[in-house]
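What follows is the content of upload-v2.csv (CSV, C-alpha atoms and all ligand atoms).
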chain,number,residue,atom,x,y,z
A,1,MET,CA,76.1,105.7,126.6
A,2,VAL,CA,79.4,106.6,125.0
A,3,ASN,CA,79.2,107.1,121.3
A,4,LYS,CA,81.1,104.5,119.2
A,5,LEU,CA,84.2,105.5,117.4
A,6,GLN,CA,83.8,106.1,113.7
A,7,VAL,CA,86.7,104.6,111.8
A,8,GLY,CA,87.0,104.7,108.0
A,9,VAL,CA,89.2,102.9,105.5
A,10,LEU,CA,90.0,104.7,102.3
A,11,ALA,CA,88.6,102.3,99.6
A,12,LEU,CA,90.0,103.7,96.4
A,13,GLN,CA,92.6,100.9,95.6
A,14,GLY,CA,94.6,98.3,97.6
A,15,ASP,CA,93.8,96.0,100.5
A,16,PHE,CA,91.1,98.1,102.2
A,17,ALA,CA,88.8,95.0,102.6
A,18,GLU,CA,91.4,93.3,104.9
A,19,HIS,CA,91.5,96.4,107.2
A,20,ILE,CA,87.7,96.5,107.3
A,21,GLU,CA,87.7,92.8,108.3
A,22,MET,CA,90.2,93.5,111.1
A,23,LEU,CA,88.3,96.5,112.4
A,24,SER,CA,85.1,94.4,112.6
A,25,ASN,CA,86.8,92.7,115.7
A,26,PHE,CA,86.4,95.9,117.6
A,27,ASN,CA,83.5,97.8,119.0
A,28,VAL,CA,83.7,100.6,116.5
A,29,ASP,CA,81.6,101.6,113.5
A,30,VAL,CA,83.6,100.9,110.3
A,31,HIS,CA,83.1,102.9,107.1
A,32,LYS,CA,84.3,102.1,103.6
A,33,ILE,CA,85.3,105.6,102.3
A,34,LYS,CA,84.8,106.3,98.6
A,35,ASN,CA,84.2,110.0,98.6
A,36,LYS,CA,85.3,113.0,100.7
A,37,SER,CA,81.9,113.9,102.1
A,38,GLN,CA,82.1,110.6,104.1
A,39,LEU,CA,85.1,111.9,106.0
A,40,GLU,CA,82.9,114.3,108.0
A,41,LYS,CA,81.7,111.7,110.5
A,42,LEU,CA,85.1,110.1,111.1
A,43,ASP,CA,87.3,109.9,114.2
A,44,GLY,CA,90.0,108.0,112.4
A,45,LEU,CA,91.0,107.0,108.9
A,46,ILE,CA,93.2,104.3,107.5
A,47,ILE,CA,95.0,104.6,104.1
A,48,PRO,CA,95.8,101.0,103.1
A,49,GLY,CA,98.6,99.3,101.2
A,50,GLY,CA,98.4,98.9,97.5
A,51,GLU,CA,100.1,100.9,94.7
A,52,SER,CA,100.9,104.4,96.0
A,53,THR,CA,101.0,106.1,92.6
A,54,THR,CA,97.5,104.8,91.9
A,55,ILE,CA,96.1,105.6,95.3
A,56,LYS,CA,97.6,109.1,95.2
A,57,LYS,CA,96.2,109.6,91.7
A,58,LEU,CA,92.7,108.7,93.0
A,59,ILE,CA,93.2,110.9,96.1
A,60,ASP,CA,93.8,113.8,93.7
A,61,ARG,CA,91.0,112.8,91.3
A,62,TYR,CA,88.4,112.7,94.1
A,63,ASP,CA,89.8,115.7,95.8
A,64,PHE,CA,90.6,114.1,99.2
A,65,GLU,CA,93.8,115.8,100.2
A,66,ASN,CA,92.5,119.0,101.7
A,67,ALA,CA,89.5,117.3,103.2
A,68,ILE,CA,91.8,114.8,105.0
A,69,LYS,CA,94.1,117.6,106.2
A,70,GLU,CA,91.1,119.6,107.5
A,71,LYS,CA,89.9,116.6,109.4
A,72,ILE,CA,93.3,116.1,110.9
A,73,ASN,CA,93.3,119.7,112.1
A,74,GLN,CA,90.0,118.9,113.8
A,75,GLY,CA,91.6,115.9,115.7
A,76,MET,CA,91.0,112.9,113.3
A,77,SER,CA,93.6,110.2,113.6
A,78,LEU,CA,95.2,108.8,110.5
A,79,TRP,CA,97.2,105.6,109.8
A,80,GLY,CA,99.0,104.9,106.5
A,81,THR,CA,100.2,101.3,105.9
A,82,CYS,CA,102.7,100.6,103.3
A,83,ALA,CA,101.5,102.5,100.2
A,84,GLY,CA,99.4,104.5,102.6
A,85,LEU,CA,102.6,105.5,104.5
A,86,ILE,CA,104.1,106.6,101.2
A,87,CYS,CA,101.1,108.8,100.5
A,88,ILE,CA,101.2,110.6,103.9
A,89,ALA,CA,105.0,111.2,104.1
A,90,ASN,CA,106.5,114.6,103.9
A,91,LYS,CA,109.1,113.6,101.4
A,92,LEU,CA,110.0,110.6,99.2
A,93,THR,CA,113.4,109.6,97.8
A,94,GLU,CA,111.6,109.0,94.5
A,95,LYS,CA,109.9,111.4,92.2
A,96,ASP,CA,106.5,109.8,92.3
A,97,PRO,CA,103.9,110.1,93.7
A,98,MET,CA,103.8,113.5,95.2
A,99,PRO,CA,103.2,112.7,98.9
A,100,MET,CA,100.7,114.7,101.0
A,101,GLY,CA,103.2,115.9,103.6
A,102,ILE,CA,101.1,114.9,106.7
A,103,ILE,CA,103.8,113.1,108.8
A,104,ASP,CA,107.4,114.6,109.1
A,105,VAL,CA,109.3,111.7,107.7
A,106,GLU,CA,111.2,110.8,104.5
A,107,VAL,CA,110.2,107.5,102.9
A,108,SER,CA,111.9,105.3,100.4
A,109,ARG,CA,109.8,103.0,98.2
A,110,ASN,CA,110.4,99.3,97.4
A,111,TRP,CA,113.3,99.3,99.9
A,112,PHE,CA,113.9,95.6,100.1
A,113,GLY,CA,114.3,95.4,96.3
A,114,ARG,CA,114.1,92.4,94.1
A,115,GLN,CA,116.0,90.0,96.2
A,116,VAL,CA,113.4,89.9,99.0
A,117,ASP,CA,110.2,91.4,97.6
A,118,SER,CA,108.2,90.1,100.4
A,119,PHE,CA,109.0,88.6,103.8
A,120,GLU,CA,107.7,88.2,107.3
A,121,THR,CA,109.5,88.8,110.6
A,122,ASN,CA,108.7,89.3,114.2
A,123,ILE,CA,109.2,92.8,115.5
A,124,GLU,CA,109.0,94.8,118.7
A,125,PHE,CA,106.5,97.7,118.6
A,126,LYS,CA,106.6,100.4,121.2
A,127,GLY,CA,103.2,100.4,123.1
A,128,ILE,CA,102.5,96.7,122.2
A,129,GLU,CA,103.7,94.3,124.8
A,130,GLU,CA,104.3,91.1,122.8
A,131,ASN,CA,106.4,91.0,119.6
A,132,ILE,CA,104.2,91.1,116.5
A,133,LYS,CA,104.4,89.4,113.1
A,134,ALA,CA,105.1,91.9,110.4
A,135,VAL,CA,104.4,91.2,106.8
A,136,PHE,CA,106.4,93.3,104.3
A,137,ILE,CA,105.3,93.3,100.6
A,138,ARG,CA,107.4,95.5,98.3
A,139,ALA,CA,107.6,97.7,101.4
A,140,PRO,CA,108.9,101.2,101.9
A,141,ILE,CA,111.0,102.2,104.9
A,142,VAL,CA,111.4,105.4,106.7
A,143,THR,CA,114.8,107.0,105.9
A,144,LYS,CA,114.6,110.2,108.0
A,145,VAL,CA,112.5,111.4,110.8
A,146,LYS,CA,112.1,114.9,112.4
A,147,ASN,CA,112.4,115.4,116.1
A,148,ASN,CA,108.6,115.5,116.6
A,149,VAL,CA,108.2,112.0,115.2
A,150,GLU,CA,108.4,109.0,117.5
A,151,ILE,CA,110.0,105.8,116.2
A,152,LEU,CA,107.8,102.8,117.2
A,153,SER,CA,109.5,100.0,115.5
A,154,LYS,CA,112.8,99.1,113.9
A,155,LEU,CA,114.2,95.9,112.3
A,156,THR,CA,117.3,94.4,113.9
A,157,ASP,CA,119.5,96.3,111.4
A,158,GLY,CA,118.0,99.6,112.5
A,159,THR,CA,115.7,100.1,109.6
A,160,ILE,CA,112.7,102.2,110.7
A,161,VAL,CA,109.3,100.5,109.9
A,162,ALA,CA,106.8,102.3,112.2
A,163,VAL,CA,106.4,105.9,113.2
A,164,LYS,CA,104.0,108.2,115.0
A,165,GLN,CA,103.5,111.9,115.1
A,166,ASP,CA,100.6,113.1,117.4
A,167,LYS,CA,97.7,111.1,116.1
A,168,ILE,CA,99.3,110.1,112.8
A,169,LEU,CA,100.6,106.6,112.5
A,170,GLY,CA,102.7,105.1,109.7
A,171,THR,CA,103.8,101.4,109.2
A,172,SER,CA,105.7,100.1,106.3
A,173,PHE,CA,104.3,96.6,106.9
A,174,HIS,CA,100.8,95.1,106.7
A,175,PRO,CA,99.2,94.4,110.1
A,176,GLU,CA,95.8,93.7,108.3
A,177,ILE,CA,97.1,90.4,107.0
A,178,SER,CA,99.2,89.3,109.9
A,179,GLY,CA,96.5,87.5,111.8
A,180,SER,CA,97.0,89.7,114.8
A,181,SER,CA,94.9,92.8,115.5
A,182,LYS,CA,97.3,94.4,117.9
A,183,VAL,CA,98.3,97.3,115.7
A,184,HIS,CA,94.6,98.0,114.9
A,185,GLU,CA,94.0,98.0,118.6
A,186,PHE,CA,96.9,100.5,119.0
A,187,PHE,CA,95.3,102.7,116.3
A,188,ILE,CA,91.9,102.6,117.9
A,189,ASN,CA,93.4,103.6,121.2
A,190,LEU,CA,95.2,106.4,119.5
A,191,THR,CA,92.0,107.5,117.8
A,192,SER,CA,90.1,107.6,121.1
A,193,SER,CA,92.9,109.4,122.9
B,201,LIG,N1,105.5,99.1,96.5
B,201,LIG,C1,104.3,99.7,96.6
B,201,LIG,C2,104.4,101.2,96.3
B,201,LIG,O1,105.4,101.7,96.2
B,201,LIG,C3,103.7,99.6,98.0
B,201,LIG,C4,103.5,98.2,98.4
B,201,LIG,C5,102.4,97.9,99.3
B,201,LIG,O2,101.6,98.8,99.7
B,201,LIG,N2,102.3,96.7,99.8
B,201,LIG,O3,103.4,101.8,96.2

Please lay out the structure from this file as structure tokens.
Amino acid sequence: MVNKLQVGVLALQGDFAEHIEMLSNFNVDVHKIKNKSQLEKLDGLIIPGGESTTIKKLIDRYDFENAIKEKINQGMSLWGTCAGLICIANKLTEKDPMPMGIIDVEVSRNWFGRQVDSFETNIEFKGIEENIKAVFIRAPIVTKVKNNVEILSKLTDGTIVAVKQDKILGTSFHPEISGSSKVHEFFINLTSS
């Protein structure tokens, strides 16, 4: 029998419960991650949306950063959604928080500003056949990518909203509340690759 994939959701702040719910549709073991010793068993980790300054503060308080990086070096996949993408970026256009520098992109927070804090739109996503509904909530966007980063999705105006580097995935929207589990399926396939 093939061992089941072990997928964790960082449960420090934000909408981790919705990711856990989505993952329960798949044949994987799901873990709510609250301390770094739980990372040991994981094949993949999701950092959810929420408030990036708070999530990063808690990542620092519970000493997660080096442990996450060590696991990535051992082949663990990682997916940052929204605030999670902010936390894993190489660089931000803002001063706070200090990102972890895991994916070679520059990210800009709260891109869509006050006029359209939140919106939904259908987008193309490389590797997923049908268009998917993307929910943006005070979302960041990717403003620069290095050559080693693949762009998976753009809005019609060219704004980059999904990126991948090796087994690291970043999305500026929230697939966990879109009603479709296609991006979770994409991440699980990435995790098992
Ligand atoms: N605007 C939030 C931040 O900068 C992110 C929003 C979200 O995760 N939905 O942290």

Exercise. What gap, in Å, lies between atom CA of Met98 of chain A and atom CA of Gln74 of chain A?
Worked result: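 It comes out at 23.8 Å.
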
For this session: Please extract the residues at most 7 Å from ligand LIG 201 (chain B), counting only C-alpha atoms and all ligand atoms, and provide them as a PyMOL selection string, using the chain letters and residue numbers of this document.
Result: chain A and resi 49-53+81-84+86+109-110+136-140

Problem set entry | Among the residues A:Lys146, A:Lys182, A:Lys95, A:His174, the one that comes closest to Phe125 of chain A [using all atoms listed in the file] |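 Answer, going by the shortest atom-to-atom distance: A:Lys182.
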
For this session: Pick out the residues sitting within 12 Å of Lys57 of chain A, and hand them over as JSON, numbers by chain; count only C-alpha atoms, and ignore anything fewer than 4 positions along from it in its own chain.
Result: {"A": [12, 13, 51, 52, 53, 61, 62, 63, 64, 65, 87, 96, 97, 98, 99, 100]}

For this session: Please check which residues have atoms at most 12 Å from (108.7, 120.7, 113.5) in the file's coordinates, counting all atoms listed in the file, and write them as a PyMOL selection string.
Result: chain A and resi 90+102-105+145-149+165-166

Exercise. With only C-alpha atoms as the atoms that count, which of A:Asn73, A:Ser153, A:Ser193, A:Asn131 lies nearest to Ser172 of chain A?
Worked result: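 Checking each of A:Asn73, A:Ser153, A:Ser193, A:Asn131 against Ser172 of chain A, counting only C-alpha atoms, the winner is A:Ser153.
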